[in-house]
>>> print(open('coords-v2.cif').read())   # mmCIF, C-alpha atoms
data_query
#
loop_
_atom_site.label_atom_id
_atom_site.label_comp_id
_atom_site.auth_asym_id
_atom_site.auth_seq_id
_atom_site.Cartn_x
_atom_site.Cartn_y
_atom_site.Cartn_z
CA MET V 122 103.83 219.99 75.21
CA PRO V 123 101.50 222.75 76.46
CA ASP V 124 101.62 223.98 80.06
CA SER V 125 98.24 222.45 80.94
CA ASN V 126 99.79 219.03 80.26
CA GLU V 127 102.66 219.88 82.54
CA ASP V 128 100.26 220.96 85.30
CA ASP V 129 98.14 217.85 84.85
CA PHE V 130 101.23 215.68 84.97
CA THR V 131 102.54 217.31 88.14
CA ALA V 132 99.13 217.09 89.80
CA LEU V 133 98.80 213.39 88.98
CA LEU V 134 102.31 212.74 90.23
CA ALA V 135 101.43 214.50 93.46
CA GLU V 136 98.59 212.03 93.89
CA HIS V 137 100.46 208.90 92.81
CA GLY V 138 104.07 209.74 93.77
CA PRO V 139 104.16 207.40 96.78
CA SER V 140 103.04 204.47 94.59
CA LEU V 141 105.93 205.15 92.24
CA ARG V 142 108.30 205.15 95.19
CA LYS V 143 107.05 201.70 96.09
CA VAL V 144 107.77 200.46 92.59
CA THR V 145 111.36 201.70 92.88
CA LEU V 146 111.60 200.20 96.36
CA THR V 147 110.47 196.84 95.01
CA TYR V 148 112.86 196.74 92.08
CA GLY V 149 115.86 198.91 92.98
CA VAL V 150 118.90 197.06 94.29
CA SER V 151 120.41 199.95 96.29
CA ALA V 152 119.53 203.48 97.37
CA GLU V 153 121.43 204.93 94.42
CA ASP V 154 119.87 202.46 92.04
CA ARG V 155 116.41 203.38 93.32
CA GLU V 156 117.07 207.05 92.58
CA ASP V 157 118.21 206.19 89.05
CA LEU V 158 115.17 203.99 88.54
CA HIS V 159 112.83 206.63 89.93
CA GLN V 160 114.24 209.20 87.53
CA GLU V 161 114.03 206.74 84.64
CA ILE V 162 110.36 206.02 85.39
CA LEU V 163 109.51 209.71 85.64
CA VAL V 164 111.21 210.41 82.32
CA GLN V 165 109.28 207.61 80.61
CA LEU V 166 106.00 208.71 82.20
CA TRP V 167 106.56 212.25 80.98
CA ARG V 168 107.48 211.07 77.49
CA SER V 169 104.39 208.89 77.24
CA PHE V 170 101.99 211.28 78.96
CA ALA V 171 100.85 212.90 75.72
CA SER V 172 99.60 209.55 74.45
CA HIS V 173 97.74 208.74 77.66
CA ASP V 174 94.01 208.37 77.07
CA ARG V 175 92.50 210.64 79.74
CA THR V 176 89.25 208.69 79.72
CA ARG V 177 91.07 205.66 81.14
CA PRO V 178 92.36 205.38 84.72
CA PHE V 179 95.69 207.11 85.25
CA ALA V 180 96.83 204.56 87.83
CA THR V 181 96.59 201.61 85.42
CA TRP V 182 98.55 203.49 82.78
CA MET V 183 101.11 204.65 85.33
CA TYR V 184 101.69 201.16 86.71
CA ARG V 185 102.12 199.74 83.23
CA VAL V 186 104.77 202.30 82.32
CA ALA V 187 106.48 202.17 85.72
CA LEU V 188 106.60 198.36 85.85
CA ASN V 189 107.82 198.09 82.27
CA VAL V 190 110.65 200.51 83.03
CA ALA V 191 111.41 198.84 86.38
CA ILE V 192 111.51 195.29 85.00
CA SER V 193 113.69 196.35 82.08
CA HIS V 194 115.94 198.18 84.53
CA VAL V 195 116.28 195.25 86.90
CA ARG V 196 116.98 192.92 83.98
CA ARG V 197 119.87 195.15 82.93
CA VAL V 198 121.28 195.36 86.46
CA VAL V 199 120.71 191.78 87.57
CA ARG V 200 121.44 190.16 84.22
CA GLY V 201 125.06 191.28 84.49
CA ARG V 202 125.43 189.77 87.95
CA ARG V 203 123.66 186.54 87.01
CA ILE V 204 125.89 185.92 84.02
CA PHE V 205 129.17 187.41 85.10
CA THR V 206 129.40 186.20 88.69
CA ALA V 207 129.01 182.77 90.19
CA VAL V 208 127.03 183.99 93.20
CA GLU V 209 124.28 186.52 92.75
CA PRO V 210 123.55 188.62 95.85
CA PRO V 211 119.83 188.51 96.63
CA LEU V 212 117.78 191.57 95.84
CA ASP V 213 117.11 193.62 98.91
CA PRO V 214 114.07 195.77 98.17
CA LEU V 215 113.56 196.83 101.76
CA ASP V 216 117.14 197.29 102.87
CA PRO V 217 116.90 198.99 106.29
CA ARG V 218 120.28 200.64 105.78
CA THR V 219 118.88 202.99 103.16
CA ASN V 220 117.38 206.25 104.28
CA GLU V 221 114.32 205.80 102.08
CA VAL V 222 112.59 203.29 104.26
CA PRO V 223 110.78 204.59 107.30
CA THR V 224 112.18 203.40 110.56
CA THR V 225 109.65 201.10 112.10
CA GLU V 226 109.61 198.89 115.11
CA GLY V 227 107.55 196.02 116.42
CA PRO V 228 105.10 194.07 114.27
CA THR V 229 105.35 196.44 111.28
CA ALA V 230 109.13 196.03 111.06
CA GLU V 231 108.74 192.28 111.41
CA ARG V 232 106.15 192.14 108.64
CA LEU V 233 108.25 194.33 106.36
CA SER V 234 111.13 191.99 106.99
CA ILE V 235 108.98 189.00 106.00
CA LEU V 236 107.82 190.90 102.93
CA GLN V 237 111.43 191.63 102.03
CA ARG V 238 112.33 187.95 102.17
CA LEU V 239 109.24 186.98 100.23
CA MET V 240 109.95 189.51 97.48
CA ALA V 241 113.63 188.57 97.30
CA GLY V 242 112.60 185.06 96.23
CA LEU V 243 110.17 186.15 93.52
CA ASP V 244 110.77 186.75 89.84
CA GLU V 245 110.05 190.11 88.19
CA TRP V 246 106.40 189.37 87.38
CA ASP V 247 105.38 187.79 90.64
CA ARG V 248 106.95 190.78 92.35
CA ALA V 249 104.81 193.08 90.18
CA LEU V 250 101.75 191.02 91.02
CA LEU V 251 102.43 191.20 94.75
CA LEU V 252 103.15 194.92 94.57
CA LEU V 253 99.84 195.61 92.84
CA HIS V 254 98.00 193.39 95.31
CA LEU V 255 99.58 195.19 98.25
CA GLU V 256 98.54 198.46 96.63
CA GLU V 257 94.93 197.27 96.93
CA ARG V 258 94.42 196.98 93.17
CA SER V 259 91.53 194.77 92.06
CA TYR V 260 92.08 191.48 90.20
CA ARG V 261 90.71 193.13 87.09
CA GLU V 262 93.12 196.03 87.33
CA ILE V 263 96.09 193.77 88.05
CA ALA V 264 95.14 191.67 85.02
CA ASP V 265 94.88 194.82 82.92
CA VAL V 266 98.28 196.13 84.02
CA LEU V 267 100.13 192.85 83.53
CA GLY V 268 98.26 191.49 80.52
CA LEU V 269 96.97 188.36 82.30
CA SER V 270 93.51 186.90 82.73
CA GLU V 271 91.73 187.58 86.03
CA SER V 272 91.65 183.86 86.82
CA ASN V 273 95.41 183.67 86.29
CA VAL V 274 95.85 186.57 88.71
CA GLY V 275 93.80 184.67 91.29
CA THR V 276 95.79 181.48 90.77
CA ARG V 277 99.12 183.23 91.10
CA LEU V 278 98.04 185.12 94.21
CA SER V 279 96.98 181.84 95.82
CA ARG V 280 100.47 180.51 95.15
CA LEU V 281 101.98 183.62 96.67
CA ARG V 282 99.86 183.11 99.78
CA GLN V 283 101.14 179.55 100.00
CA ARG V 284 104.73 180.75 99.61
CA LEU V 285 104.16 183.25 102.38
CA ARG V 286 102.77 180.52 104.65
CA ASP V 287 105.76 178.30 103.89
CA LEU V 288 108.10 181.18 104.62
CA THR V 289 106.49 182.04 107.95
CA ASP V 290 106.32 178.35 108.93
CA LYS V 291 110.02 178.07 108.27
CA GLU V 292 110.66 181.16 110.39
CA MET V 293 108.65 179.74 113.27
CA LYS V 294 110.55 176.45 113.20
CA ARG V 295 113.86 178.26 113.66
CA MET L 117 89.20 190.10 97.54
CA ASN L 118 87.35 188.40 100.32
CA ASP L 119 89.51 185.30 100.21
CA ASP L 120 92.53 187.27 101.29
CA SER L 121 94.57 185.40 103.85
CA ILE L 122 95.38 187.01 107.16
CA GLU L 123 99.08 186.93 106.36
CA LEU L 124 98.81 188.92 103.15
CA HIS L 125 96.39 191.27 104.80
CA ASP L 126 98.94 191.91 107.54
CA LEU L 127 101.59 192.61 104.96
CA LYS L 128 99.28 195.08 103.26
CA ALA L 129 99.00 197.08 106.46
CA ALA L 130 102.77 197.15 106.89
CA TRP L 131 103.22 198.09 103.24
CA ALA L 132 100.77 200.96 103.60
CA ARG L 133 102.86 202.37 106.42
CA LEU L 134 105.65 203.08 103.95
CA GLU L 135 103.61 205.88 102.46
CA GLU L 136 104.05 208.03 105.53
CA ARG L 137 107.68 208.64 104.66
CA PHE L 138 107.05 208.95 100.93
CA ASP L 139 104.43 211.62 101.49
CA VAL L 140 107.02 213.67 103.36
CA ASN L 141 109.47 213.23 100.49
CA PHE L 142 107.06 214.25 97.79
CA GLY L 143 108.69 217.68 97.35
CA LYS L 144 111.57 215.89 95.71
CA VAL L 145 109.28 214.11 93.24
CA GLU L 146 107.69 217.40 92.32
CA ARG L 147 111.08 219.02 91.74
CA ILE L 148 112.10 216.21 89.39
CA ALA L 149 108.78 216.52 87.57
CA ARG L 150 109.47 220.23 87.05
CA GLU L 151 112.93 219.48 85.75
CA LEU L 152 111.43 217.03 83.30
CA ALA L 153 109.00 219.64 82.13
CA THR L 154 111.85 222.07 81.49
CA ASP L 155 113.60 219.49 79.38
CA LYS L 156 116.67 219.24 81.58
CA THR L 157 116.64 215.48 81.64
CA ARG L 158 115.06 214.87 78.24
CA THR L 159 118.42 213.75 76.88
CA LEU L 160 118.30 210.79 79.27
CA VAL L 161 115.58 209.21 77.21
CA ARG L 162 117.83 208.69 74.21
CA ARG L 163 117.89 204.92 74.30
CA ALA L 164 119.59 202.33 72.22
CA THR L 165 117.05 202.84 69.43
CA TRP L 166 119.62 204.85 67.45
CA LEU L 167 121.91 201.81 67.25
CA PRO L 168 119.88 199.77 64.70
CA TRP L 169 119.45 202.93 62.64
CA ALA L 170 123.23 203.52 62.67
CA GLU L 171 123.79 199.88 61.67
CA LEU L 172 121.23 200.13 58.90
CA VAL L 173 122.83 203.23 57.40
CA THR L 174 126.44 202.03 57.62
CA ASN L 175 125.64 198.55 56.34
CA GLY L 176 123.54 200.09 53.56
CA LEU L 177 126.45 202.28 52.47
CA GLY L 178 128.74 199.25 52.62
CA LEU L 179 126.34 197.23 50.49
CA ILE L 180 126.18 199.97 47.84
CA LEU L 181 129.98 199.99 47.69
CA VAL L 182 130.17 196.20 47.42
CA VAL L 183 127.52 196.04 44.69
CA ALA L 184 129.40 198.74 42.78
CA GLY L 185 132.53 196.60 43.21
CA PHE L 186 131.10 193.75 41.12
CA SER L 187 131.60 195.74 37.94
CA VAL L 188 135.11 197.02 38.71
CA SER L 189 136.69 194.10 40.54
CA GLY L 190 140.05 193.13 39.08
CA SER L 191 140.09 189.42 39.87
CA VAL L 192 137.63 186.55 39.53
CA VAL L 193 138.61 185.27 42.97
CA TYR L 194 137.34 188.53 44.51
CA LEU L 195 133.79 188.03 43.22
CA PRO L 196 132.85 185.30 45.75
CA CYS L 197 134.34 187.51 48.46
CA LEU L 198 132.16 190.43 47.34
CA GLY L 199 129.13 188.15 47.16
CA PHE L 200 129.80 186.86 50.67
CA VAL L 201 130.19 190.39 52.05
CA ALA L 202 126.99 191.46 50.29
CA VAL L 203 125.04 188.58 51.85
CA VAL L 204 126.40 189.34 55.34
CA LEU L 205 125.62 193.06 55.01
CA ALA L 206 122.12 192.33 53.70
CA GLY L 207 121.54 189.99 56.64
CA LEU L 208 122.68 192.63 59.12
CA MET L 209 120.42 195.18 57.43
CA GLY L 210 117.49 192.76 57.73
CA SER L 211 118.22 192.32 61.42
CA ALA L 212 118.45 196.10 61.93
CA ILE L 213 115.12 196.61 60.12
CA ALA L 214 113.48 193.92 62.26
CA GLN L 215 114.80 195.61 65.42
CA ILE L 216 113.60 199.04 64.28
CA VAL L 217 110.13 197.67 63.50
CA MET L 218 109.92 195.95 66.90
CA LEU L 219 111.18 198.99 68.80
CA THR L 220 108.95 201.41 66.90
CA GLY L 221 105.90 199.31 67.69
CA LEU L 222 106.76 199.18 71.37
CA ASP L 223 104.40 201.11 73.61
CA PRO L 224 105.75 201.53 77.14
CA ALA L 225 102.16 201.75 78.37
CA SER L 226 101.16 198.38 76.92
CA PRO L 227 100.53 195.48 79.34
CA VAL L 228 103.73 194.50 81.11
CA LEU L 229 104.00 190.97 79.70
CA THR L 230 103.43 192.17 76.13
CA ALA L 231 106.03 194.92 76.36
CA GLN L 232 108.59 192.74 78.13
CA ARG L 233 108.18 189.97 75.56
CA GLN L 234 108.77 192.42 72.73
CA LEU L 235 111.85 193.88 74.44
CA ALA L 236 113.23 190.41 75.14
CA ARG L 237 112.80 189.48 71.47
CA VAL L 238 114.74 192.56 70.35
CA SER L 239 117.40 191.73 72.90
CA ALA L 240 117.65 188.09 71.77
CA LEU L 241 117.88 189.21 68.13
CA ARG L 242 120.70 191.65 68.87
CA ILE L 243 122.63 189.21 71.04
CA GLY L 244 122.26 186.46 68.44
CA GLU L 245 123.45 188.80 65.70
CA TRP L 246 126.52 189.87 67.67
CA LYS L 247 127.34 186.35 68.71
CA TRP L 248 127.64 185.23 65.10
CA VAL L 249 129.43 188.39 63.96
CA LEU L 250 132.03 187.93 66.70
CA LEU L 251 132.37 184.19 66.17
CA LEU L 252 132.75 184.48 62.42
CA SER L 253 134.99 187.55 62.52
CA PRO L 254 138.17 185.52 61.79
CA VAL L 255 136.50 184.32 58.55
CA LEU L 256 134.74 187.58 57.77
CA TRP L 257 137.73 189.90 57.92
CA THR L 258 139.36 188.55 54.74
CA PRO L 259 136.45 189.15 52.33
CA PHE L 260 135.72 192.46 54.10
CA LEU L 261 139.34 193.55 53.66
CA VAL L 262 139.26 192.61 49.99
CA ALA L 263 135.91 194.33 49.45
CA PHE L 264 136.65 197.54 51.30
CA VAL L 265 140.24 197.98 50.09
CA GLU L 266 140.00 196.73 46.54
CA VAL L 267 136.69 198.29 45.56
CA PRO L 268 137.43 201.88 46.69
CA LEU L 269 140.90 201.72 45.11
CA ARG L 270 139.44 200.42 41.85
CA LEU L 271 136.72 203.04 41.87
CA LEU L 272 139.24 205.82 42.52
CA ALA L 273 142.25 204.71 40.49
CA GLY L 274 140.82 202.19 38.03
CA ASP L 275 143.27 199.69 36.53
CA ALA L 276 146.22 201.78 37.69
CA MET L 277 145.81 200.12 41.09
CA ASN L 278 146.41 196.39 40.91
CA THR L 279 145.47 194.86 44.29
CA THR L 280 145.76 191.31 42.99
CA VAL L 281 149.48 191.60 43.64
CA VAL L 282 148.80 191.96 47.38
CA PHE L 283 145.61 189.92 47.77
CA THR L 284 146.56 186.99 45.63
CA SER L 285 144.15 184.16 44.99
CA ARG L 286 146.28 181.82 47.11
CA TRP L 287 146.45 184.35 49.99
CA VAL L 288 142.66 184.78 50.01
CA GLN L 289 142.05 181.04 50.08
CA LEU L 290 144.64 180.45 52.80
CA SER L 291 143.34 183.33 54.88
CA LEU L 292 139.78 182.01 54.68
CA LEU L 293 140.93 178.55 55.72
CA VAL L 294 142.90 179.89 58.69
CA GLY L 295 139.91 182.09 59.60
CA ALA L 296 137.55 179.10 59.63
CA VAL L 297 139.90 177.17 61.92
CA MET L 298 140.29 180.23 64.17
CA SER L 299 136.50 180.61 64.40
CA GLY L 300 136.17 177.04 65.62
CA LEU L 301 138.95 177.52 68.15
CA LEU L 302 137.46 180.81 69.31
CA TYR L 303 134.10 179.14 69.95
CA GLY L 304 135.68 176.27 71.88
CA LEU L 305 137.90 178.61 73.86
CA SER L 306 135.01 180.95 74.74
CA ARG L 307 132.94 178.04 76.06
CA TRP L 308 135.86 176.86 78.15
CA LEU L 309 136.66 180.35 79.43
CA ALA L 310 133.05 181.40 80.08
CA ALA L 311 132.86 179.48 83.36
CA ARG L 312 136.42 180.23 84.46
CA LEU L 313 137.28 183.76 83.44
CA ALA L 314 137.73 186.45 86.08
CA GLY L 315 138.71 189.81 84.71
CA THR L 316 137.21 192.99 83.32
CA SER L 317 133.47 193.02 82.78
CA PHE L 318 134.04 193.89 79.11
CA LEU L 319 136.13 190.78 78.58
CA ARG L 320 133.62 188.61 80.41
CA SER L 321 130.81 190.15 78.40
CA LEU L 322 132.69 189.39 75.18
CA VAL L 323 133.31 185.79 76.19
CA ASP L 324 129.66 185.35 77.23
CA ASP L 325 128.60 186.71 73.85
CA LEU L 326 130.90 184.32 72.01
CA ALA L 327 129.91 181.32 74.09
CA GLY L 328 126.21 182.14 73.60
CA ARG L 329 125.46 182.45 77.32
CA ARG L 330 123.80 185.83 76.94
CA LEU L 331 121.61 184.47 74.17
CA VAL L 332 120.63 181.51 76.36
CA ALA L 333 119.77 183.93 79.20
CA ALA L 334 117.62 186.05 76.86
CA ARG L 335 115.77 182.96 75.61
CA GLU L 336 115.29 181.69 79.16
CA PHE L 337 113.69 185.02 80.02
CA LEU L 338 111.20 184.57 77.19
CA LEU L 339 110.43 181.02 78.33
CA ARG L 340 109.90 182.14 81.95
CA LEU L 341 107.62 184.88 80.65
CA ASP L 342 105.56 182.36 78.70
CA GLY L 343 105.41 180.12 81.75
CA PHE L 344 104.17 182.99 83.91
CA GLU L 345 101.48 183.86 81.38
CA ARG L 346 100.22 180.27 81.27
CA GLY L 347 100.01 180.31 85.07
#
>>> encode(input="coords-v2.cif", output="structure tokens")
Amino acid sequence: MPDSNEDDFTALLAEHGPSLRKVTLTYGVSAEDREDLHQEILVQLWRSFASHDRTRPFATWMYRVALNVAISHVRRVVRGRRIFTAVEPPLDPLDPRTNEVPTTEGPTAERLSILQRLMAGLDEWDRALLLLHLEERSYREIADVLGLSESNVGTRLSRLRQRLRDLTDKEMKR
Amino acid sequence: MNDDSIELHDLKAAWARLEERFDVNFGKVERIARELATDKTRTLVRRATWLPWAELVTNGLGLILVVAGFSVSGSVVYLPCLGFVAVVLAGLMGSAIAQIVMLTGLDPASPVLTAQRQLARVSALRIGEWKWVLLLSPVLWTPFLVAFVEVPLRLLAGDAMNTTVVFTSRWVQLSLLVGAVMSGLLYGLSRWLAARLAGTSFLRSLVDDLAGRRLVAAREFLLRLDGFERG
């Protein structure tokens, strides 16, 4: 791979690096696991970069690769727990004990905590959908990344909103 | 997205705050990217794609040996054994070819649902293959032993090596019968143990393979994926 590719790749990663971190944060089950996943995603992105059509948006391509790697990764990790143990510990994508997550206080911390609980109850695809929505991606782009229709994206996001309302209602009743 | 609820909007703002820390940590990302470019971690990408190729080659070599054995076999009772082994090896080769085709056609940049469905199909195929190989191993080992001991000896030593003295017709039949009973017991035992066993992960993995639980999990994944796609 020529050097210009390497420079392009590094420059694009500089722009989109934080988004990749959020993918690993969403799917990794521990700090160590997130590092492994991050590395795995970078390797796959680099491998596939030569085949990336430069006329198409980098972000869409990047999310496709990153989410495919992340979902496959989490299936490998969680599958073992689901089958081999009676009780599966819930995923903890925003574990405050890890040093990756910024220390926040007040409403932001509270909202991140709600987000953590919401994500922990979602399957791999709904988690991807929520992640892309939180990343301010359009319905069209989310549909393109996941391989869904735009109307399906809208329907599923409405359900996620309802789940969020149910979750916050439950919190308030406590 | 004008219909965004206040709650999700609030979460978006909190989510965006995470970037502050990630921006600070970007130096690390860049270092990893450089390492990738210098090929230091390229070996990491060697995935399980070599496994179907290895199976294809070894089973292909085995099949050639078994087919050659038809002309040199010293006993009529061995011929069904050779035929059985040939069918099993051909089936395993077919499965390996199917896996290679599916994996070769897999584009990691294709839409997430498409890629995950393809990966899940490969996974289900592999698990199904191994489940039956493991379950039938008590039956399979007899014809495999006959095929891979008798045929090489015949090819190397000709009639000077008479294996029918060791693998008598009666022994082959009895061994197959015992193997069939053992296979049934193994299946029943694995289903009973699957929910109760606590031990090494390898052992649990083996029992889950035998009992078909991993195959069920792989198929459930495909069903959930279809359900998600339908909305």
>>> residues_around(input="coords-v2.cif", residues="Asp325 (chain L)", least_positions_apart="2", cutoff="9 Å", atoms="all atoms listed in the file", output="list in words")
Ile243, Gly244, Trp246, Lys247, Trp248, Leu250, Leu251, Ser306, Arg320, Ser321, Leu322, Val323, Ala327, Gly328, Arg329, Arg330 and Leu331 of chain L
>>> closest_atom_pairs(input="coords-v2.cif", of="chain V", to="chain L", cutoff="6 Å", atoms="all atoms listed in the file", output="JSON lines")
{"residue": "V:Pro139", "atom": "CA", "partner": "L:Phe138", "partner_atom": "CA", "distance": 5.3}
{"residue": "V:Trp182", "atom": "CA", "partner": "L:Ala225", "partner_atom": "CA", "distance": 6.0}
{"residue": "V:Arg185", "atom": "CA", "partner": "L:Ala225", "partner_atom": "CA", "distance": 5.3}
{"residue": "V:Val186", "atom": "CA", "partner": "L:Ala225", "partner_atom": "CA", "distance": 4.8}
{"residue": "V:Asn189", "atom": "CA", "partner": "L:Val228", "partner_atom": "CA", "distance": 5.6}
{"residue": "V:Pro223", "atom": "CA", "partner": "L:Arg137", "partner_atom": "CA", "distance": 5.7}
{"residue": "V:Thr229", "atom": "CA", "partner": "L:Ala130", "partner_atom": "CA", "distance": 5.1}
{"residue": "V:Arg232", "atom": "CA", "partner": "L:Leu127", "partner_atom": "CA", "distance": 5.9}
{"residue": "V:Leu255", "atom": "CA", "partner": "L:Lys128", "partner_atom": "CA", "distance": 5.0}
{"residue": "V:Val266", "atom": "CA", "partner": "L:Pro227", "partner_atom": "CA", "distance": 5.2}
{"residue": "V:Leu267", "atom": "CA", "partner": "L:Val228", "partner_atom": "CA", "distance": 4.6}
{"residue": "V:Gly268", "atom": "CA", "partner": "L:Pro227", "partner_atom": "CA", "distance": 4.7}
{"residue": "V:Asn273", "atom": "CA", "partner": "L:Gly347", "partner_atom": "CA", "distance": 5.8}
>>> write_last_selection(input="coords-v2.cif", atoms="C-alpha atoms", output="CSV table (one decimal), in the frame of the given file")
chain,number,residue,atom,x,y,z
V,139,PRO,CA,104.2,207.4,96.8
V,182,TRP,CA,98.6,203.5,82.8
V,185,ARG,CA,102.1,199.7,83.2
V,186,VAL,CA,104.8,202.3,82.3
V,189,ASN,CA,107.8,198.1,82.3
V,223,PRO,CA,110.8,204.6,107.3
V,229,THR,CA,105.4,196.4,111.3
V,232,ARG,CA,106.2,192.1,108.6
V,255,LEU,CA,99.6,195.2,98.2
V,266,VAL,CA,98.3,196.1,84.0
V,267,LEU,CA,100.1,192.8,83.5
V,268,GLY,CA,98.3,191.5,80.5
V,273,ASN,CA,95.4,183.7,86.3
>>> closest_residue(input="coords-v2.cif", among="V:Tyr184, V:Asp247, V:Ser270, V:Gln283", to="Ser140 (chain V)", atoms="only C-alpha atoms")
V:Tyr184
>>> axis_aligned_box(input="coords-v2.cif", around="region 160-164 of chain V", padding_each_side="5 Å", output="JSON")
{"center_x": 111.9, "center_y": 208.2, "center_z": 84.9, "size_x": 14.7, "size_y": 14.4, "size_z": 15.2}
>>> atom_distance(input="coords-v2.cif", atom1="CA of His254 (chain V)", atom2="CA of Glu156 (chain V)")
23.6 Å
>>> atom_distance(input="coords-v2.cif", atom1="CA of Met293 (chain V)", atom2="CA of Ser279 (chain V)")
21.1 Å
>>> resolve_selection(input="coords-v2.cif", expression="the PyMOL selection byres ((chain L and resi 238) around 12)", output="ChimeraX atom specification")
/L:164-165,168,211-222,231-237,239-245,331,334-335,338
>>> atom_distance(input="coords-v2.cif", atom1="CA of Leu163 (chain V)", atom2="CA of Leu133 (chain V)")
11.8 Å
>>> resolve_selection(input="coords-v2.cif", expression="the PyMOL selection byres ((chain V and resi 244) around 12)", output="PDB file with C-alpha atoms, in the frame of the given file")
ATOM      1  CA  THR V 147     110.470 196.840  95.010  1.00  0.00           C
ATOM      2  CA  TYR V 148     112.860 196.740  92.080  1.00  0.00           C
ATOM      3  CA  ILE V 192     111.510 195.290  85.000  1.00  0.00           C
ATOM      4  CA  VAL V 195     116.280 195.250  86.900  1.00  0.00           C
ATOM      5  CA  ARG V 196     116.980 192.920  83.980  1.00  0.00           C
ATOM      6  CA  VAL V 199     120.710 191.780  87.570  1.00  0.00           C
ATOM      7  CA  PRO V 211     119.830 188.510  96.630  1.00  0.00           C
ATOM      8  CA  LEU V 212     117.780 191.570  95.840  1.00  0.00           C
ATOM      9  CA  LEU V 239     109.240 186.980 100.230  1.00  0.00           C
ATOM     10  CA  MET V 240     109.950 189.510  97.480  1.00  0.00           C
ATOM     11  CA  ALA V 241     113.630 188.570  97.300  1.00  0.00           C
ATOM     12  CA  GLY V 242     112.600 185.060  96.230  1.00  0.00           C
ATOM     13  CA  LEU V 243     110.170 186.150  93.520  1.00  0.00           C
ATOM     14  CA  GLU V 245     110.050 190.110  88.190  1.00  0.00           C
ATOM     15  CA  TRP V 246     106.400 189.370  87.380  1.00  0.00           C
ATOM     16  CA  ASP V 247     105.380 187.790  90.640  1.00  0.00           C
ATOM     17  CA  ARG V 248     106.950 190.780  92.350  1.00  0.00           C
ATOM     18  CA  ALA V 249     104.810 193.080  90.180  1.00  0.00           C
ATOM     19  CA  LEU V 250     101.750 191.020  91.020  1.00  0.00           C
ATOM     20  CA  LEU V 251     102.430 191.200  94.750  1.00  0.00           C
ATOM     21  CA  LEU V 281     101.980 183.620  96.670  1.00  0.00           C
TER      22      LEU V 281
ATOM     23  CA  PHE L 337     113.690 185.020  80.020  1.00  0.00           C
ATOM     24  CA  ARG L 340     109.900 182.140  81.950  1.00  0.00           C
ATOM     25  CA  LEU L 341     107.620 184.880  80.650  1.00  0.00           C
ATOM     26  CA  GLY L 343     105.410 180.120  81.750  1.00  0.00           C
ATOM     27  CA  PHE L 344     104.170 182.990  83.910  1.00  0.00           C
TER      28      PHE L 344
END
>>> residues_around(input="coords-v2.cif", residues="Leu158 (chain V)", least_positions_apart="4", cutoff="9 Å", atoms="all atoms listed in the file", output="tab-separated table (two decimals) with C-alpha atoms, keeping the file's coordinate frame")
chain	number	residue	atom	x	y	z
V	145	THR	CA	111.36	201.70	92.88
V	148	TYR	CA	112.86	196.74	92.08
V	149	GLY	CA	115.86	198.91	92.98
V	153	GLU	CA	121.43	204.93	94.42
V	154	ASP	CA	119.87	202.46	92.04
V	162	ILE	CA	110.36	206.02	85.39
V	163	LEU	CA	109.51	209.71	85.64
V	190	VAL	CA	110.65	200.51	83.03
V	191	ALA	CA	111.41	198.84	86.38
V	194	HIS	CA	115.94	198.18	84.53
V	195	VAL	CA	116.28	195.25	86.90
>>> residues_around(input="coords-v2.cif", residues="Leu271 (chain L)", least_positions_apart="2", cutoff="9 Å", atoms="only C-alpha atoms", output="PDB file with C-alpha atoms, in the frame of the given file")
ATOM      1  CA  ALA L 184     129.400 198.740  42.780  1.00  0.00           C
ATOM      2  CA  GLY L 185     132.530 196.600  43.210  1.00  0.00           C
ATOM      3  CA  VAL L 188     135.110 197.020  38.710  1.00  0.00           C
ATOM      4  CA  GLU L 266     140.000 196.730  46.540  1.00  0.00           C
ATOM      5  CA  VAL L 267     136.690 198.290  45.560  1.00  0.00           C
ATOM      6  CA  PRO L 268     137.430 201.880  46.690  1.00  0.00           C
ATOM      7  CA  LEU L 269     140.900 201.720  45.110  1.00  0.00           C
ATOM      8  CA  ALA L 273     142.250 204.710  40.490  1.00  0.00           C
ATOM      9  CA  GLY L 274     140.820 202.190  38.030  1.00  0.00           C
TER      10      GLY L 274
END
>>> resolve_selection(input="coords-v2.cif", expression="the PyMOL selection byres ((chain L and resi 265) around 12)", output="list of chain:residue names")
L:Gly178, L:Leu181, L:Val182, L:Gly185, L:Ser189, L:Tyr194, L:Leu198, L:Trp257, L:Thr258, L:Pro259, L:Phe260, L:Leu261, L:Val262, L:Ala263, L:Phe264, L:Glu266, L:Val267, L:Pro268, L:Leu269, L:Arg270, L:Leu271, L:Leu272, L:Ala273, L:Met277, L:Asn278, L:Thr279, L:Thr280, L:Val282, L:Phe283
